[in-house]
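A.B. asks: Compact mmCIF, C-alpha atoms, saved as entry-v5.txt, coming up:
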```
# COMPACT_ATOMS: atom_id res chain seq x y z
CA MET S 1 -17.57 74.19 139.90
CA SER S 2 -18.51 73.05 136.44
CA ASP S 3 -17.61 70.07 134.28
CA HIS S 4 -18.15 72.26 131.26
CA ALA S 5 -15.43 74.80 131.99
CA PHE S 6 -12.45 74.85 129.65
CA SER S 7 -8.94 73.94 130.85
CA GLU S 8 -6.78 76.67 132.36
CA VAL S 9 -4.72 76.95 129.15
CA GLU S 10 -7.80 77.22 126.95
CA ARG S 11 -9.37 79.77 129.27
CA GLU S 12 -6.27 81.94 129.23
CA ALA S 13 -6.23 81.82 125.42
CA VAL S 14 -9.77 83.13 125.15
CA TYR S 15 -9.12 85.95 127.62
CA LYS S 16 -5.89 86.75 125.76
CA ALA S 17 -7.87 87.13 122.53
CA ILE S 18 -10.44 89.35 124.23
CA PHE S 19 -7.86 91.58 125.95
CA SER S 20 -5.41 91.86 123.04
CA ARG S 21 -8.00 92.53 120.31
CA ARG S 22 -7.55 96.05 118.94
CA ASP S 23 -9.31 98.36 116.53
CA VAL S 24 -6.53 98.72 113.95
CA ARG S 25 -6.38 101.75 111.69
CA ARG S 26 -2.70 101.78 110.68
CA ASP S 27 0.22 99.38 110.42
CA PHE S 28 -1.54 97.14 107.87
CA LEU S 29 0.67 94.98 105.61
CA PRO S 30 -0.41 94.39 102.01
CA ASP S 31 -0.01 90.58 102.23
CA PRO S 32 -3.12 88.73 101.09
CA ILE S 33 -5.05 86.60 103.58
CA PRO S 34 -4.78 82.88 102.73
CA GLU S 35 -8.08 81.22 101.86
CA PRO S 36 -8.07 78.76 104.81
CA VAL S 37 -7.55 81.61 107.27
CA LEU S 38 -10.32 83.67 105.70
CA SER S 39 -12.62 80.64 105.79
CA ARG S 40 -11.94 80.16 109.48
CA ILE S 41 -12.74 83.74 110.47
CA LEU S 42 -15.91 83.79 108.35
CA GLY S 43 -16.90 80.45 109.88
CA ALA S 44 -16.45 82.02 113.33
CA ALA S 45 -18.69 84.92 112.32
CA HIS S 46 -21.31 82.52 110.98
CA HIS S 47 -21.44 80.78 114.37
CA ALA S 48 -22.55 83.90 116.20
CA PRO S 49 -25.82 83.79 118.11
CA SER S 50 -28.81 85.03 116.12
CA VAL S 51 -32.35 85.88 117.07
CA GLY S 52 -34.66 83.00 116.16
CA PHE S 53 -31.62 81.29 114.51
CA MET S 54 -32.18 83.84 111.71
CA GLN S 55 -28.50 84.11 110.66
CA PRO S 56 -29.29 87.45 109.02
CA TRP S 57 -25.70 88.23 108.01
CA ASP S 58 -23.91 88.29 104.67
CA PHE S 59 -20.24 89.06 104.04
CA ILE S 60 -19.20 91.22 101.09
CA LEU S 61 -15.47 90.74 100.57
CA VAL S 62 -14.15 93.91 99.00
CA ARG S 63 -10.78 93.58 97.29
CA ASP S 64 -11.40 95.70 94.17
CA LEU S 65 -9.29 98.85 94.42
CA GLY S 66 -11.77 101.02 92.55
CA ILE S 67 -14.58 100.15 94.96
CA ARG S 68 -12.30 100.67 97.95
CA GLN S 69 -11.33 104.09 96.59
CA ARG S 70 -14.99 105.06 96.40
CA ILE S 71 -15.55 103.77 99.96
CA LYS S 72 -12.55 105.83 101.06
CA ALA S 73 -14.10 108.92 99.41
CA ALA S 74 -17.34 108.27 101.30
CA PHE S 75 -15.34 108.04 104.53
CA GLU S 76 -13.57 111.33 103.77
CA GLN S 77 -16.81 113.17 103.25
CA ALA S 78 -18.28 111.81 106.50
CA HIS S 79 -15.02 112.58 108.32
CA ALA S 80 -15.04 116.23 107.23
CA GLU S 81 -18.65 116.58 108.38
CA ALA S 82 -17.82 115.00 111.74
CA ALA S 83 -14.75 117.22 112.30
CA ALA S 84 -17.00 120.28 112.15
CA GLN S 85 -18.85 119.01 115.26
CA PHE S 86 -15.76 119.18 117.46
CA GLU S 87 -14.31 122.45 118.71
CA GLY S 88 -10.89 123.90 119.52
CA ALA S 89 -8.24 121.49 120.77
CA GLN S 90 -10.58 118.52 120.47
CA ARG S 91 -11.04 119.24 116.76
CA GLU S 92 -7.26 119.35 116.28
CA THR S 93 -6.87 116.03 118.10
CA TYR S 94 -9.71 114.54 116.07
CA ARG S 95 -8.11 115.64 112.81
CA SER S 96 -4.76 114.16 113.84
CA LEU S 97 -6.21 110.69 114.46
CA LYS S 98 -5.91 108.00 111.81
CA LEU S 99 -9.36 106.43 111.79
CA GLU S 100 -9.38 103.89 108.95
CA GLY S 101 -7.18 101.69 106.77
CA ILE S 102 -9.52 101.26 103.78
CA LEU S 103 -6.79 101.37 101.14
CA GLU S 104 -3.87 100.01 103.19
CA ALA S 105 -5.59 96.80 104.31
CA PRO S 106 -5.82 94.26 101.47
CA LEU S 107 -9.41 93.32 102.29
CA GLY S 108 -12.61 95.07 103.31
CA ILE S 109 -15.50 93.04 104.70
CA CYS S 110 -18.95 94.54 104.85
CA VAL S 111 -21.10 92.61 107.33
CA THR S 112 -24.77 93.16 106.59
CA CYS S 113 -28.19 92.32 107.99
CA ASP S 114 -30.98 90.99 105.78
CA ARG S 115 -34.05 92.33 107.57
CA ASP S 116 -36.39 90.05 105.57
CA ARG S 117 -34.54 86.75 105.91
CA HIS S 118 -36.89 83.81 106.54
CA GLY S 119 -40.01 86.00 106.25
CA PRO S 120 -41.53 88.72 108.37
CA VAL S 121 -42.00 86.87 111.68
CA VAL S 122 -38.84 85.90 113.54
CA ILE S 123 -38.75 84.37 117.03
CA GLY S 124 -37.60 87.06 119.44
CA ARG S 125 -37.77 90.00 117.02
CA SER S 126 -41.41 90.96 117.33
CA GLN S 127 -40.88 93.06 120.48
CA ASN S 128 -37.49 94.41 119.52
CA PRO S 129 -37.04 94.85 115.76
CA GLU S 130 -33.36 95.75 116.20
CA MET S 131 -32.54 92.21 117.39
CA ASP S 132 -31.51 91.04 113.91
CA LEU S 133 -29.06 93.94 113.62
CA TYR S 134 -27.64 92.91 117.00
CA SER S 135 -27.16 89.35 115.69
CA SER S 136 -25.02 90.71 112.86
CA VAL S 137 -23.00 92.71 115.41
CA CYS S 138 -22.33 89.46 117.31
CA ALA S 139 -21.01 88.03 114.03
CA VAL S 140 -18.66 91.02 113.75
CA GLN S 141 -17.31 90.44 117.25
CA ASN S 142 -16.74 86.71 116.60
CA LEU S 143 -14.92 87.57 113.37
CA TRP S 144 -12.81 90.16 115.19
CA LEU S 145 -11.68 87.73 117.90
CA ALA S 146 -10.95 84.95 115.37
CA ALA S 147 -8.93 87.43 113.30
CA ARG S 148 -6.89 88.34 116.38
CA VAL S 149 -5.85 84.75 117.00
CA GLU S 150 -4.87 84.46 113.34
CA GLY S 151 -2.63 87.53 113.74
CA LEU S 152 -4.95 89.70 111.60
CA GLY S 153 -5.84 93.25 112.51
CA VAL S 154 -9.38 94.51 112.08
CA GLY S 155 -10.65 98.09 112.05
CA TRP S 156 -14.33 99.04 112.07
CA VAL S 157 -15.03 102.09 109.88
CA SER S 158 -17.99 103.75 111.53
CA ILE S 159 -17.46 107.18 109.98
CA ILE S 160 -19.30 106.52 106.73
CA ASP S 161 -22.79 107.07 105.37
CA HIS S 162 -24.36 103.60 105.30
CA THR S 163 -26.70 104.58 102.47
CA ALA S 164 -23.69 105.50 100.31
CA LEU S 165 -21.98 102.25 101.31
CA ALA S 166 -25.06 100.17 100.44
CA ASP S 167 -25.19 101.89 97.06
CA LEU S 168 -21.49 101.24 96.30
CA LEU S 169 -21.89 97.54 97.13
CA GLY S 170 -25.21 97.11 95.32
CA LEU S 171 -27.13 95.96 98.41
CA PRO S 172 -30.87 95.25 97.95
CA ASP S 173 -33.22 97.53 99.88
CA HIS S 174 -33.91 94.94 102.58
CA VAL S 175 -30.20 94.44 103.33
CA GLN S 176 -28.53 96.93 105.63
CA PRO S 177 -24.80 97.45 106.26
CA VAL S 178 -23.91 96.84 109.90
CA ALA S 179 -20.12 97.16 109.74
CA TYR S 180 -17.42 97.90 107.20
CA LEU S 181 -14.23 96.24 108.41
CA CYS S 182 -10.67 96.70 107.16
CA ILE S 183 -8.65 93.54 107.66
CA GLY S 184 -5.09 92.42 107.09
CA TYR S 185 -1.84 91.37 108.69
CA VAL S 186 -0.23 94.11 110.72
CA THR S 187 3.23 95.07 111.88
CA PHE S 188 2.00 95.82 115.34
CA PHE S 189 -0.81 95.39 117.86
CA ARG S 190 -1.02 98.23 120.36
CA GLU S 191 -1.01 97.42 124.07
CA ARG S 192 -3.98 99.72 124.64
CA PRO S 193 -6.69 101.29 122.46
CA GLU S 194 -5.34 104.13 120.33
CA LEU S 195 -7.88 106.62 121.71
CA GLU S 196 -6.79 105.74 125.25
CA ASP S 197 -3.11 106.26 124.36
CA ALA S 198 -4.02 109.55 122.65
CA GLY S 199 -5.58 110.80 125.89
CA TRP S 200 -9.01 111.13 124.25
CA LEU S 201 -10.76 109.16 127.00
CA ASP S 202 -9.66 106.89 129.86
CA ARG S 203 -10.73 103.32 130.49
CA THR S 204 -13.70 103.58 132.84
CA ASP S 205 -13.37 101.88 136.23
CA LEU S 206 -15.47 98.73 135.83
CA LYS S 207 -16.73 98.95 139.42
CA THR S 208 -18.67 102.12 138.58
CA LEU S 209 -20.49 100.27 135.78
CA ILE S 210 -21.83 97.44 137.94
CA HIS S 211 -25.23 97.87 139.61
CA HIS S 212 -27.11 95.46 141.85
CA ASP S 213 -30.78 94.73 141.15
CA ARG S 214 -31.54 98.35 140.25
CA TRP S 215 -29.72 101.20 138.51
CA GLY S 216 -27.47 103.13 140.90
CA GLN S 217 -27.15 100.42 143.59
CA HIS S 218 -23.40 99.88 143.55
CA ASP S 219 -23.03 97.72 146.64
CA MET V 1 2.38 84.46 107.95
CA SER V 2 2.19 86.60 111.04
CA ASP V 3 4.26 86.92 114.18
CA HIS V 4 1.14 88.03 115.96
CA ALA V 5 -0.85 84.84 115.46
CA PHE V 6 -1.60 82.79 118.55
CA SER V 7 -0.17 79.29 119.03
CA GLU V 8 -2.09 76.35 117.59
CA VAL V 9 -3.38 75.38 121.05
CA GLU V 10 -4.55 78.91 121.82
CA ARG V 11 -6.18 79.24 118.41
CA GLU V 12 -8.10 76.01 118.86
CA ALA V 13 -9.32 77.17 122.27
CA VAL V 14 -10.80 80.36 120.85
CA TYR V 15 -12.55 78.52 118.01
CA LYS V 16 -13.80 75.95 120.53
CA ALA V 17 -15.38 78.75 122.56
CA ILE V 18 -16.97 80.26 119.45
CA PHE V 19 -18.35 76.96 118.15
CA SER V 20 -19.52 75.53 121.47
CA ARG V 21 -21.21 78.70 122.77
CA ARG V 22 -24.98 78.16 123.03
CA ASP V 23 -28.06 80.18 123.81
CA VAL V 24 -29.18 78.34 126.95
CA ARG V 25 -32.82 78.42 128.04
CA ARG V 26 -33.04 75.32 130.21
CA ASP V 27 -30.76 73.04 132.24
CA PHE V 28 -29.62 75.85 134.56
CA LEU V 29 -28.30 74.85 138.00
CA PRO V 30 -29.07 77.09 140.98
CA ASP V 31 -25.40 77.27 142.13
CA PRO V 32 -24.21 80.84 142.63
CA ILE V 33 -21.43 82.20 140.44
CA PRO V 34 -18.24 82.80 142.45
CA GLU V 35 -17.12 86.44 142.58
CA PRO V 36 -13.78 85.89 140.75
CA VAL V 37 -15.58 84.16 137.87
CA LEU V 38 -18.17 86.93 137.63
CA SER V 39 -15.40 89.54 137.69
CA ARG V 40 -13.63 87.82 134.82
CA ILE V 41 -16.66 87.67 132.55
CA LEU V 42 -17.60 91.29 133.29
CA GLY V 43 -13.98 92.28 132.62
CA ALA V 44 -14.20 90.51 129.26
CA ALA V 45 -17.37 92.45 128.45
CA HIS V 46 -15.71 95.73 129.47
CA HIS V 47 -12.90 95.05 126.98
CA ALA V 48 -15.23 95.01 123.99
CA PRO V 49 -14.59 97.49 121.19
CA SER V 50 -16.57 100.72 121.51
CA VAL V 51 -17.19 103.58 119.15
CA GLY V 52 -14.92 106.50 120.06
CA PHE V 53 -13.77 104.45 123.12
CA MET V 54 -17.15 105.44 124.58
CA GLN V 55 -17.63 102.29 126.72
CA PRO V 56 -21.36 103.01 126.84
CA TRP V 57 -22.28 99.84 128.73
CA ASP V 58 -23.42 99.21 132.30
CA PHE V 59 -24.21 95.87 133.90
CA ILE V 60 -27.24 95.47 136.17
CA LEU V 61 -26.79 92.23 138.11
CA VAL V 62 -30.28 90.97 138.96
CA ARG V 63 -30.39 88.42 141.77
CA ASP V 64 -33.50 89.64 143.63
CA LEU V 65 -36.27 87.08 143.15
CA GLY V 66 -39.07 89.65 143.24
CA ILE V 67 -37.53 91.63 140.40
CA ARG V 68 -36.87 88.48 138.41
CA GLN V 69 -40.51 87.45 138.87
CA ARG V 70 -41.64 90.80 137.45
CA ILE V 71 -39.21 90.38 134.52
CA LYS V 72 -40.63 86.90 133.95
CA ALA V 73 -44.15 88.36 133.88
CA ALA V 74 -43.01 90.92 131.27
CA PHE V 75 -41.59 88.05 129.21
CA GLU V 76 -44.85 86.12 129.46
CA GLN V 77 -46.88 89.03 128.20
CA ALA V 78 -44.53 89.58 125.25
CA HIS V 79 -44.48 85.85 124.55
CA ALA V 80 -48.27 85.62 124.34
CA GLU V 81 -48.34 88.58 121.94
CA ALA V 82 -45.64 86.98 119.77
CA ALA V 83 -47.39 83.59 119.65
CA ALA V 84 -50.39 85.24 118.03
CA GLN V 85 -48.20 86.20 115.05
CA PHE V 86 -47.44 82.58 114.14
CA GLU V 87 -50.00 80.31 112.52
CA GLY V 88 -50.93 76.64 112.56
CA ALA V 89 -48.14 74.14 113.16
CA GLN V 90 -45.57 76.90 113.54
CA ARG V 91 -47.57 78.38 116.41
CA GLU V 92 -47.67 74.99 118.12
CA THR V 93 -43.91 74.58 117.71
CA TYR V 94 -43.35 78.12 118.97
CA ARG V 95 -45.46 77.47 122.06
CA SER V 96 -43.57 74.25 122.79
CA LEU V 97 -40.17 75.96 122.83
CA LYS V 98 -38.59 76.97 126.13
CA LEU V 99 -37.27 80.45 125.42
CA GLU V 100 -35.91 81.78 128.72
CA GLY V 101 -34.51 80.76 132.09
CA ILE V 102 -35.26 83.95 134.05
CA LEU V 103 -36.18 82.20 137.31
CA GLU V 104 -34.07 79.05 136.96
CA ALA V 105 -30.74 80.83 136.37
CA PRO V 106 -29.36 82.34 139.59
CA LEU V 107 -28.35 85.60 137.92
CA GLY V 108 -29.76 87.98 135.33
CA ILE V 109 -27.50 90.57 133.74
CA CYS V 110 -29.00 93.52 131.92
CA VAL V 111 -26.41 95.05 129.58
CA THR V 112 -27.36 98.63 128.77
CA CYS V 113 -26.22 101.50 126.58
CA ASP V 114 -25.87 105.04 127.99
CA ARG V 115 -26.63 107.12 124.89
CA ASP V 116 -25.29 110.31 126.55
CA ARG V 117 -22.01 109.02 127.95
CA HIS V 118 -19.15 111.50 127.51
CA GLY V 119 -21.44 114.13 125.97
CA PRO V 120 -23.28 114.46 122.70
CA VAL V 121 -20.40 114.17 120.21
CA VAL V 122 -18.72 110.78 119.99
CA ILE V 123 -16.06 109.84 117.42
CA GLY V 124 -17.67 107.57 114.86
CA ARG V 125 -21.27 108.01 115.99
CA SER V 126 -22.24 111.16 114.12
CA GLN V 127 -23.06 109.32 110.88
CA ASN V 128 -24.53 106.23 112.49
CA PRO V 129 -26.23 106.94 115.81
CA GLU V 130 -26.77 103.21 116.45
CA MET V 131 -23.01 102.63 116.81
CA ASP V 132 -23.09 102.95 120.61
CA LEU V 133 -25.79 100.28 120.81
CA TYR V 134 -23.59 98.06 118.65
CA SER V 135 -20.71 98.59 121.11
CA SER V 136 -22.88 97.27 123.94
CA VAL V 137 -23.76 94.24 121.76
CA CYS V 138 -20.03 93.54 121.34
CA ALA V 139 -19.78 93.58 125.14
CA VAL V 140 -22.57 90.99 125.28
CA GLN V 141 -20.74 88.72 122.86
CA ASN V 142 -17.46 88.98 124.80
CA LEU V 143 -19.32 88.16 128.02
CA TRP V 144 -21.01 85.20 126.33
CA LEU V 145 -17.74 83.67 125.11
CA ALA V 146 -16.01 84.25 128.46
CA ALA V 147 -18.96 82.62 130.22
CA ARG V 148 -18.65 79.59 127.94
CA VAL V 149 -15.02 78.99 128.90
CA GLU V 150 -15.99 79.29 132.57
CA GLY V 151 -18.63 76.57 132.04
CA LEU V 152 -21.49 79.06 132.41
CA GLY V 153 -24.54 79.03 130.18
CA VAL V 154 -26.04 82.28 128.92
CA GLY V 155 -29.43 82.89 127.37
CA TRP V 156 -30.47 86.18 125.75
CA VAL V 157 -34.12 87.03 126.48
CA SER V 158 -35.22 89.02 123.45
CA ILE V 159 -38.96 88.45 123.93
CA ILE V 160 -39.56 91.31 126.36
CA ASP V 161 -40.70 94.92 126.15
CA HIS V 162 -37.55 96.96 126.75
CA THR V 163 -39.57 99.89 128.11
CA ALA V 164 -41.05 97.62 130.79
CA LEU V 165 -37.59 96.21 131.54
CA ALA V 166 -36.07 99.71 131.87
CA ASP V 167 -38.86 100.62 134.26
CA LEU V 168 -38.38 97.51 136.43
CA LEU V 169 -34.64 98.22 136.73
CA GLY V 170 -35.02 101.96 137.29
CA LEU V 171 -32.93 102.96 134.27
CA PRO V 172 -32.59 106.71 133.59
CA ASP V 173 -34.14 107.94 130.32
CA HIS V 174 -30.79 108.13 128.51
CA VAL V 175 -29.93 104.52 129.33
CA GLN V 176 -31.39 101.84 127.10
CA PRO V 177 -31.49 98.06 127.69
CA VAL V 178 -29.60 96.18 124.98
CA ALA V 179 -29.78 92.63 126.36
CA TYR V 180 -31.25 90.79 129.31
CA LEU V 181 -29.15 87.69 129.91
CA CYS V 182 -29.86 84.68 132.11
CA ILE V 183 -26.64 83.16 133.37
CA GLY V 184 -25.64 80.19 135.47
CA TYR V 185 -23.96 76.82 135.56
CA VAL V 186 -25.72 74.20 133.46
CA THR V 187 -26.08 70.45 133.36
CA PHE V 188 -25.62 70.36 129.64
CA PHE V 189 -24.44 72.29 126.57
CA ARG V 190 -26.23 71.25 123.39
CA GLU V 191 -24.16 70.20 120.38
CA ARG V 192 -26.23 72.43 118.10
CA PRO V 193 -28.59 75.39 118.58
CA GLU V 194 -31.93 74.35 120.04
CA LEU V 195 -33.88 75.87 117.15
CA GLU V 196 -31.76 73.87 114.68
CA ASP V 197 -32.42 70.64 116.60
CA ALA V 198 -36.13 71.50 116.75
CA GLY V 199 -36.22 71.75 112.95
CA TRP V 200 -37.26 75.40 113.10
CA LEU V 201 -34.52 76.50 110.66
CA ASP V 202 -31.35 74.94 109.24
CA ARG V 203 -27.84 76.33 109.45
CA THR V 204 -27.38 78.32 106.23
CA ASP V 205 -24.59 77.21 103.88
CA LEU V 206 -21.87 79.80 104.50
CA LYS V 207 -20.85 79.84 100.82
CA THR V 208 -24.18 81.39 99.88
CA LEU V 209 -23.54 84.28 102.31
CA ILE V 210 -20.19 85.31 100.82
CA HIS V 211 -20.15 87.89 98.03
CA HIS V 212 -17.20 89.33 96.14
CA ASP V 213 -16.92 93.10 95.71
CA ARG V 214 -20.64 93.53 95.08
CA TRP V 215 -23.84 91.91 96.34
CA GLY V 216 -24.71 88.74 94.41
CA GLN V 217 -21.23 88.01 93.01
CA HIS V 218 -20.58 84.62 94.55
CA ASP V 219 -17.44 83.66 92.61
```
What does this structure look like when you write it as structure tokens?

C.D. replies:
Amino acid sequence: MSDHAFSEVEREAVYKAIFSRRDVRRDFLPDPIPEPVLSRILGAAHHAPSVGFMQPWDFILVRDLGIRQRIKAAFEQAHAEAAAQFEGAQRETYRSLKLEGILEAPLGICVTCDRDRHGPVVIGRSQNPEMDLYSSVCAVQNLWLAARVEGLGVGWVSIIDHTALADLLGLPDHVQPVAYLCIGYVTFFRERPELEDAGWLDRTDLKTLIHHDRWGQHD
Amino acid sequence: MSDHAFSEVEREAVYKAIFSRRDVRRDFLPDPIPEPVLSRILGAAHHAPSVGFMQPWDFILVRDLGIRQRIKAAFEQAHAEAAAQFEGAQRETYRSLKLEGILEAPLGICVTCDRDRHGPVVIGRSQNPEMDLYSSVCAVQNLWLAARVEGLGVGWVSIIDHTALADLLGLPDHVQPVAYLCIGYVTFFRERPELEDAGWLDRTDLKTLIHHDRWGQHD
């Protein structure tokens, strides 16, 4: 059908990365990540699509234990506030979940978005100012898939006040955190997402998410 | 270093997908996308990470020519407004760029985010309400990489009023467009991004984007 398709073996490898990628919150090993491996996954992130070729991302590599301890404290405060929003059995389940590996993983990576990069007018951002943030998210997903093929686990810590995180990392006002990632070798990759195994939510049937031409037309 | 790393061949395939993925705006072929191929790329999107395993995405497959013509008109209006923001030679360059393939590609896919899915409280979204939008962006990036291995080009149309797009596709109020993608087989994948080839911006030196422990510490 297309001369540009990858070989069967290559295709399977890419789907394997996509299907076996996990959000890892436990089972991190302390082993450092070799420089060539780290370079490869950051290179993958840097080759994400970006609006107007803006490349708005930066990567803050956080190894310092003192800074990671302060990030962990910021997580704990946000986590306590979030727990209060759940009730009854759901709150107990929520509290029992391990949701980050900030101190166990040897490396944190904060992926940011520089809202001012290359000046105020960016191709494709004038209608939708969030497009540059979305570019940085694409960089996160590239990094995540590259890490998986290198045998590295990645966990995205979303339970944290981004203003506190920006302050701890000394970000300028025009630079916004998009993701704080914990990354390291792991003993184990789960077969399924941890929240699926925990019975929190099921995988939605894909068929119900596909619409034809207009919302709600499923056939 | 890790038992969980992929084989050399598999690793190369994933990096090949990441580095050869392009934002395609021209060179689309009209050939339809076979159902098994479309199922695979939507399955890849559906296996993106999502905050609290929320899976907030839906996929509106737009084949109807009348709807695509109205989407094209919405692009043209946004494009004219954007051109006015550039000046002089930059405006001329902007006007000369081909920025979408809405009518040439046989399929449009609108990837959305249902902000209300699974109720108001979502693990990991209470501090950062944009996290569900970011999950849908991760789905876009998975879809884009899967499409590349299938030999399919994808272009993200960011120059469009999302309110107009939501209206054309009949989205409920709680469902927000995240990306409108043009997708189809192509005659050609560029070696480098089109905006890089056009001299609009250069690829940034990755070294300048890496910081250690705090913003601005480059060594």

A.B. asks: Please identify every residue of chain V that has at least one atom no farther than 6 Å from an atom of chain S, counting only C-alpha atoms, and for each give the shortest atom pair and the distance in Å to one decimal, arranged by chain then increasing number, as a Markdown table.

C.D. replies:
```
| residue | atom | partner | partner_atom | distance |
| --- | --- | --- | --- | --- |
| V:Ser2 | CA | S:Gly151 | CA | 5.6 |
| V:His4 | CA | S:Gly151 | CA | 4.4 |
| V:Ala5 | CA | S:Gly151 | CA | 3.7 |
| V:Phe6 | CA | S:Val149 | CA | 4.9 |
| V:Glu10 | CA | S:Ala13 | CA | 4.9 |
| V:Arg11 | CA | S:Val149 | CA | 5.7 |
| V:Ala13 | CA | S:Glu10 | CA | 4.9 |
| V:Val14 | CA | S:Val14 | CA | 5.2 |
| V:Asp58 | CA | S:Leu209 | CA | 4.7 |
| V:Phe59 | CA | S:Ile210 | CA | 4.9 |
| V:Ile60 | CA | S:His211 | CA | 4.7 |
| V:Leu61 | CA | S:His212 | CA | 5.0 |
| V:Val62 | CA | S:Asp213 | CA | 4.4 |
| V:Gly124 | CA | S:Ile159 | CA | 4.9 |
| V:Gln127 | CA | S:Asp161 | CA | 6.0 |
| V:Cys138 | CA | S:Gln141 | CA | 5.8 |
| V:Gln141 | CA | S:Cys138 | CA | 5.8 |
| V:Val149 | CA | S:Phe6 | CA | 4.9 |
| V:Glu150 | CA | S:Ala5 | CA | 4.6 |
| V:Gly151 | CA | S:Ala5 | CA | 3.7 |
| V:Ser158 | CA | S:Gly124 | CA | 5.1 |
| V:Ile159 | CA | S:Gly124 | CA | 4.9 |
| V:Asp161 | CA | S:Gln127 | CA | 6.0 |
| V:Leu169 | CA | S:Arg214 | CA | 4.7 |
| V:Gly170 | CA | S:Trp215 | CA | 5.5 |
| V:Leu171 | CA | S:Trp215 | CA | 5.6 |
| V:Leu209 | CA | S:Asp58 | CA | 4.7 |
| V:Ile210 | CA | S:Phe59 | CA | 4.9 |
| V:His211 | CA | S:Ile60 | CA | 4.6 |
| V:His212 | CA | S:Leu61 | CA | 5.0 |
| V:Asp213 | CA | S:Val62 | CA | 4.4 |
| V:Arg214 | CA | S:Leu169 | CA | 4.7 |
| V:Trp215 | CA | S:Gly170 | CA | 5.5 |
```

A.B. asks: Would you mind reading off the distance between CA of Gly184 (chain V) and CA of Ala105 (chain V), one decimal, in Å?

C.D. replies: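 About the pair CA of Gly184 (chain V) and CA of Ala105 (chain V): they are 5.2 Å apart.
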
A.B. asks: Write out as a VMD selection string each polymer residue whose atoms come within 8 Å of Arg26 (chain V), counting all atoms listed in the file; drop sequence neighbours fewer than 6 positions from it.

C.D. replies: chain V and resid 98 100 to 101 104

A.B. asks: Could you check how far CA of Phe75 (chain S) sits from CA of Leu165 (chain S), in Å to one decimal?

C.D. replies: 9.4 Å

A.B. asks: How many Å lie between CA of Val154 (chain S) and CA of Ile183 (chain S), rounded to one decimal?

C.D. replies: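 That distance, rounded to one decimal, is 4.6 Å.
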
A.B. asks: I'd like the box whose edges run along x, y and z of the file and which contains every listed atom of region 84-95 of chain S, padded by 4 Å per side; could you state its centre and edge lengths in Å, one decimal, as JSON?

C.D. replies:
```
{"center_x": -12.9, "center_y": 119.2, "center_z": 116.5, "size_x": 20.0, "size_y": 17.4, "size_z": 16.6}
```

A.B. asks: Smallest atom-to-atom distance to Ile71 (chain V): which of V:Leu29, V:Leu181, V:Val24, V:Ala84, using all atoms listed in the file?

C.D. replies: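 Of V:Leu29, V:Leu181, V:Val24, V:Ala84, the one nearest Ile71 (chain V) is V:Leu181, counting all atoms listed in the file.
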
A.B. asks: Filtering to C-alpha atoms, could region 133-153 of chain S of the supplied structure be written out as a short mmCIF file (atom, residue, chain, number, x, y, z; two decimals), in the first residue's frame?

C.D. replies:
```cif
data_model
loop_
_atom_site.label_atom_id
_atom_site.label_comp_id
_atom_site.auth_asym_id
_atom_site.auth_seq_id
_atom_site.Cartn_x
_atom_site.Cartn_y
_atom_site.Cartn_z
CA LEU S 133 2.42 23.33 25.73
CA TYR S 134 1.13 20.49 23.57
CA SER S 135 4.47 20.42 21.71
CA SER S 136 6.27 19.88 25.01
CA VAL S 137 3.83 17.05 25.82
CA CYS S 138 4.76 15.39 22.51
CA ALA S 139 8.39 15.61 23.63
CA VAL S 140 7.43 13.83 26.86
CA GLN S 141 5.75 11.02 24.95
CA ASN S 142 8.75 10.56 22.63
CA LEU S 143 11.06 10.45 25.66
CA TRP S 144 8.79 7.92 27.36
CA LEU S 145 8.76 5.53 24.38
CA ALA S 146 12.54 5.85 23.87
CA ALA S 147 13.07 5.14 27.57
CA ARG S 148 10.94 2.00 27.27
CA VAL S 149 13.11 0.56 24.51
CA GLU S 150 16.19 1.32 26.61
CA GLY S 151 14.65 -0.66 29.50
CA LEU S 152 14.06 2.51 31.57
CA GLY S 153 10.88 3.11 33.51
#
```
